[in-house]
Every structure is written in structure tokens, then in C-alpha cells.
Amino acid sequence: MSARTTLRALPTLLRVAFAEAVAYRAEMLIWVLSTTMPLVNMVLWIAVARDAPVGRFTEADFVGYFLATFAVRQLATSWAAWLINWEVKQGTLAMRLMRPISPLWAYGMESVANFPLRLVVAVPVILLSVALVGAKAVPQHAWQWGFFVLALVGGWAIAFLANVAIGALCFFLESSERVLEVWLVLFFVCSGYMYPVELLPPTLRTLIDWLPFRYQIGLPVEMLTGAFGWEESVRLLLAQWAWVAGLGAVAAVVWTQGVKRFAAFGG
């Protein structure tokens, strides 16, 4: 498989994946309904901040934070681990492996192809946040928008590569879905999805800074809400993309070694 072959195949993969996303748009609606936890947390934290701010967060700040979290969650996500487990169990992965392009590119394009439909959900939520909170709900400078986009792409990359690495463990285990469940629990606790990371005790916050979960959701949300200046933003983005590189290497090794063990079965 050459780089030229891969590049020529990507537009076709993207078109096919987008057509499937449109055809199965009801699945996306189910996903949206299953990711409303930030809206529930928003109501809870607004109640907490009603009498006095929590840290730097007022009621309006919590509204902006959790609406941003809901919007980012629609975009920085991947389901490759479930798909890999399913295709290995059914034996259908063999068909993908016969093609002149790695299945990983197909999994990636299937995720990317959903972006336009997910933007239909995310953009109105961001606009609602601006209407409720004001201009401070979004970046005020061009460089902040650029950093937000970079953080969002990095968050998606972490989600996708972690899914690939965990999904590929099913080549060695009966199923890697239990591993994925552990990952998701840590994600909910450590990512900023349920509460802003900066509200945690300093020691715990330092530990979380060394884990990948914050960089998947928390950092893009913080960039969208303008939480950092230039220097801190650069430092956090470098840490995020270091995780992207590290998870990319892990995913490549686990996938390559796992495929060598693959034997199709099922119907």
C-alpha cells in the first residue's frame, strides 16, 4: 500500500462514509440524546453557584462551559473500538484487509464524514451560548479561534487513536470492550466533561495534566471559552499533541501486531 494509493482513495472513502452518515442519521440523533450529561451538570452547577461563584465560575460561566462541552463532545469523538470489535467477531474485517488501503483510514474517514451533520448540532449550541452568556462565551481573537480548532482536531485524534488501540486489543483478548469501559470511566472523571478540571484540588489537577483525558474534551472547551493566554495555550497544545503522537505510535504497534494474529470467523 503506497502513500499515493491512500491519498487517491481518501476522497472516495469520505464520500461513501458521508452517504452512510446521511442514510443513518437517526443513529446520530440517538448519539446526541445520549450525550446530554453536560446539560444536566450545567443545571446542577448553576444551582451550586447561585449564592456565590465557585472558583472563577459564576452561573453564566457554568452555562458557557457546559454548552461548550456539549458542542465539543459532538465533534471530538470516535466509535472505532466498537466497530473493530464487531468486525473481528463477525469476521468481516477480512474483507477490509483485502483492500489496498489500511482499514484504519476507512475508520477515520467514517468518523470525519459525520462532522458536517454534527456541526448542525454543535453550531446552534455555541450560538445559544453566545446569546445567553455574551461574547465571552467564544474566543475574542483570531489566534484563539485558531488554537481552538487545533485543540479540537487534537481532541478528536486522541479519541480516535485511543479507540483504535483499545479496539485492536480484541485481537489478543476475547473482547476489548471492557477495557473501553474503563477508559470511558476515567474519561468522565478526568476530562472536564462533568466539571471544570480547574475546580479539582491542585495535586489531583497536576495528575490529570499528565493523562490524556483532559486533552480530549477539557482543553478544546477551555480554548473555546477563552480560559488561557497565549503562553499557557501553547504549552497545553504541545502537551496535547505529544499525546496524539504517543497514542498514534501505540495504536500502530497494537494494530500491526494484532492483524498478524487475525483469523476470520463467524458469518
# chains A, B, ... in the order shown; residues from 1 in each chain; ligands from 1
$ closest_atom_pairs --of "region 68-91 of chain A" --to "region 145-165 of chain A" --cutoff "7 Å" --atoms "only C-alpha atoms" --output "CSV"
residue,atom,partner,partner_atom,distance
A:Ala76,CA,A:Trp156,CA,4.0
A:Thr77,CA,A:Ala159,CA,5.6
A:Ser78,CA,A:Phe160,CA,5.2
A:Trp79,CA,A:Asn163,CA,6.8
A:Ala80,CA,A:Asn163,CA,5.4
A:Ala81,CA,A:Asn163,CA,4.6
$ residues_around --residues "Glu87 (chain A)" --least-positions-apart "3" --cutoff "12 Å" --atoms "only C-alpha atoms" --output "JSON list (two decimals) with N, CA, C and O atoms, in the first residue's frame"
[["chain", "number", "residue", "atom", "x", "y", "z"],
["A", 80, "ALA", "N", -14.56, 3.85, 16.91],
["A", 80, "ALA", "CA", -13.78, 2.84, 16.19],
["A", 80, "ALA", "C", -13.60, 1.56, 17.00],
["A", 80, "ALA", "O", -13.56, 0.46, 16.43],
["A", 81, "ALA", "N", -13.48, 1.68, 18.33],
["A", 81, "ALA", "CA", -13.25, 0.49, 19.15],
["A", 81, "ALA", "C", -14.41, -0.49, 19.04],
["A", 81, "ALA", "O", -14.21, -1.71, 18.91],
["A", 82, "TRP", "N", -15.64, 0.03, 19.11],
["A", 82, "TRP", "CA", -16.81, -0.84, 18.98],
["A", 82, "TRP", "C", -16.84, -1.49, 17.59],
["A", 82, "TRP", "O", -17.16, -2.67, 17.46],
["A", 83, "LEU", "N", -16.52, -0.70, 16.56],
["A", 83, "LEU", "CA", -16.56, -1.21, 15.20],
["A", 83, "LEU", "C", -15.52, -2.30, 14.98],
["A", 83, "LEU", "O", -15.80, -3.33, 14.34],
["A", 84, "ILE", "N", -14.33, -2.08, 15.50],
["A", 84, "ILE", "CA", -13.27, -3.09, 15.35],
["A", 84, "ILE", "C", -13.67, -4.38, 16.05],
["A", 84, "ILE", "O", -13.51, -5.48, 15.50],
["A", 90, "GLN", "N", -17.31, -10.85, 13.83],
["A", 90, "GLN", "CA", -18.09, -11.31, 12.70],
["A", 90, "GLN", "C", -17.21, -11.83, 11.55],
["A", 90, "GLN", "O", -17.70, -12.48, 10.63],
["A", 91, "GLY", "N", -15.93, -11.53, 11.60],
["A", 91, "GLY", "CA", -15.03, -11.95, 10.54],
["A", 91, "GLY", "C", -15.04, -11.03, 9.33],
["A", 91, "GLY", "O", -14.31, -11.27, 8.37],
["A", 92, "THR", "N", -15.83, -9.96, 9.39],
["A", 92, "THR", "CA", -15.94, -9.07, 8.23],
["A", 92, "THR", "C", -14.71, -8.18, 8.05],
["A", 92, "THR", "O", -14.55, -7.56, 6.99],
["A", 93, "LEU", "N", -13.86, -8.14, 9.07],
["A", 93, "LEU", "CA", -12.62, -7.37, 8.92],
["A", 93, "LEU", "C", -11.77, -7.93, 7.79],
["A", 93, "LEU", "O", -10.99, -7.20, 7.18],
["A", 94, "ALA", "N", -11.92, -9.23, 7.51],
["A", 94, "ALA", "CA", -11.13, -9.85, 6.43],
["A", 94, "ALA", "C", -11.36, -9.14, 5.10],
["A", 94, "ALA", "O", -10.43, -8.98, 4.30],
["A", 95, "MET", "N", -12.59, -8.70, 4.86],
["A", 95, "MET", "CA", -12.89, -8.01, 3.61],
["A", 95, "MET", "C", -12.16, -6.67, 3.53],
["A", 95, "MET", "O", -11.66, -6.28, 2.47],
["A", 96, "ARG", "N", -12.09, -5.98, 4.65],
["A", 96, "ARG", "CA", -11.35, -4.70, 4.67],
["A", 96, "ARG", "C", -9.86, -4.94, 4.42],
["A", 96, "ARG", "O", -9.20, -4.16, 3.73],
["A", 97, "LEU", "N", -9.33, -5.99, 5.01],
["A", 97, "LEU", "CA", -7.90, -6.25, 4.90],
["A", 97, "LEU", "C", -7.49, -6.65, 3.48],
["A", 97, "LEU", "O", -6.31, -6.56, 3.12],
["A", 103, "PRO", "N", -7.53, -0.54, 6.84],
["A", 103, "PRO", "CA", -8.84, -0.29, 7.42],
["A", 103, "PRO", "C", -8.86, 0.94, 8.34],
["A", 103, "PRO", "O", -9.90, 1.56, 8.52],
["A", 107, "TYR", "N", -11.84, 3.68, 8.92],
["A", 107, "TYR", "CA", -12.43, 4.03, 10.21],
["A", 107, "TYR", "C", -12.34, 5.53, 10.46],
["A", 107, "TYR", "O", -13.28, 6.16, 10.96],
["A", 167, "GLY", "N", -9.52, -0.94, 20.59],
["A", 167, "GLY", "CA", -10.22, -1.88, 19.72],
["A", 167, "GLY", "C", -9.31, -3.00, 19.25],
["A", 167, "GLY", "O", -9.72, -4.17, 19.19],
["A", 168, "ALA", "N", -8.05, -2.68, 18.93],
["A", 168, "ALA", "CA", -7.11, -3.69, 18.43],
["A", 168, "ALA", "C", -6.72, -4.70, 19.50],
["A", 168, "ALA", "O", -6.21, -5.78, 19.16],
["A", 170, "CYS", "N", -8.68, -6.49, 20.92],
["A", 170, "CYS", "CA", -9.56, -7.66, 20.74],
["A", 170, "CYS", "C", -8.88, -8.75, 19.92],
["A", 170, "CYS", "O", -9.36, -9.89, 19.90],
["A", 171, "PHE", "N", -7.77, -8.43, 19.25],
["A", 171, "PHE", "CA", -7.00, -9.47, 18.57],
["A", 171, "PHE", "C", -6.32, -10.39, 19.59],
["A", 171, "PHE", "O", -5.97, -11.53, 19.27],
["A", 175, "SER", "N", -12.60, -9.97, 23.90],
["A", 175, "SER", "CA", -13.23, -8.69, 23.57],
["A", 175, "SER", "C", -12.51, -7.61, 24.36],
["A", 175, "SER", "O", -12.11, -7.83, 25.50],
["A", 262, "PHE", "N", -4.84, -12.20, 13.36],
["A", 262, "PHE", "CA", -6.25, -12.26, 12.98],
["A", 262, "PHE", "C", -6.58, -13.50, 12.15],
["A", 262, "PHE", "O", -5.90, -13.83, 11.20],
["A", 263, "ALA", "N", -7.68, -14.13, 12.52],
["A", 263, "ALA", "CA", -8.20, -15.24, 11.73],
["A", 263, "ALA", "C", -9.70, -15.03, 11.64],
["A", 263, "ALA", "O", -10.38, -14.97, 12.66],
["A", 264, "ALA", "N", -10.23, -14.85, 10.45],
["A", 264, "ALA", "CA", -11.65, -14.54, 10.29],
["A", 264, "ALA", "C", -12.50, -15.73, 10.74],
["A", 264, "ALA", "O", -12.17, -16.88, 10.52],
["A", 265, "PHE", "N", -13.61, -15.39, 11.40],
["A", 265, "PHE", "CA", -14.57, -16.39, 11.81],
["A", 265, "PHE", "C", -15.95, -15.74, 11.85],
["A", 265, "PHE", "O", -16.08, -14.54, 11.78],
["A", 266, "GLY", "N", -16.98, -16.53, 11.97],
["A", 266, "GLY", "CA", -18.33, -16.01, 12.02],
["A", 266, "GLY", "C", -18.92, -15.96, 10.62],
["A", 266, "GLY", "O", -18.36, -16.47, 9.65],
["A", 267, "GLY", "N", -20.11, -15.31, 10.53],
["A", 267, "GLY", "CA", -20.80, -15.26, 9.24],
["A", 267, "GLY", "C", -20.95, -13.89, 8.73],
["A", 267, "GLY", "O", -20.57, -12.93, 9.33]]
$ closest_residue --among "A:Met42, A:Leu7, A:Ala252, A:Ala245" --to "Ile101 (chain A)" --atoms "only C-alpha atoms"
A:Leu7
$ closest_atom_pairs --of "region 127-166 of chain A" --to "region 43-67 of chain A" --cutoff "9 Å" --atoms "only C-alpha atoms" --output "tab-separated table"
residue	atom	partner	partner_atom	distance
A:Leu128	CA	A:Leu67	CA	8.2
A:Ser129	CA	A:Gly64	CA	5.6
A:Val130	CA	A:Gly64	CA	7.8
A:Leu132	CA	A:Ala60	CA	7.7
A:Val133	CA	A:Ala60	CA	5.7
A:Gly134	CA	A:Gly64	CA	8.9
A:Lys136	CA	A:Gly64	CA	8.4
A:Ala137	CA	A:Gly64	CA	5.4
A:Val138	CA	A:Gly64	CA	8.6
$ atom_distance --atom1 "CA of His141 (chain A)" --atom2 "CA of Pro202 (chain A)"
29.2 Å
$ atom_distance --atom1 "CA of Leu236 (chain A)" --atom2 "CA of Cys190 (chain A)"
15.5 Å
$ closest_residue --among "A:Ala71, A:Ile126, A:Leu173, A:Ala242" --to "Pro139 (chain A)" --atoms "only C-alpha atoms"
A:Ile126
$ atom_distance --atom1 "CA of Ser191 (chain A)" --atom2 "CA of Gly218 (chain A)"
5.4 Å
$ closest_residue --among "A:Met98, A:Leu104, A:Leu169, A:Ala131" --to "Gly258 (chain A)" --atoms "only C-alpha atoms"
A:Leu169
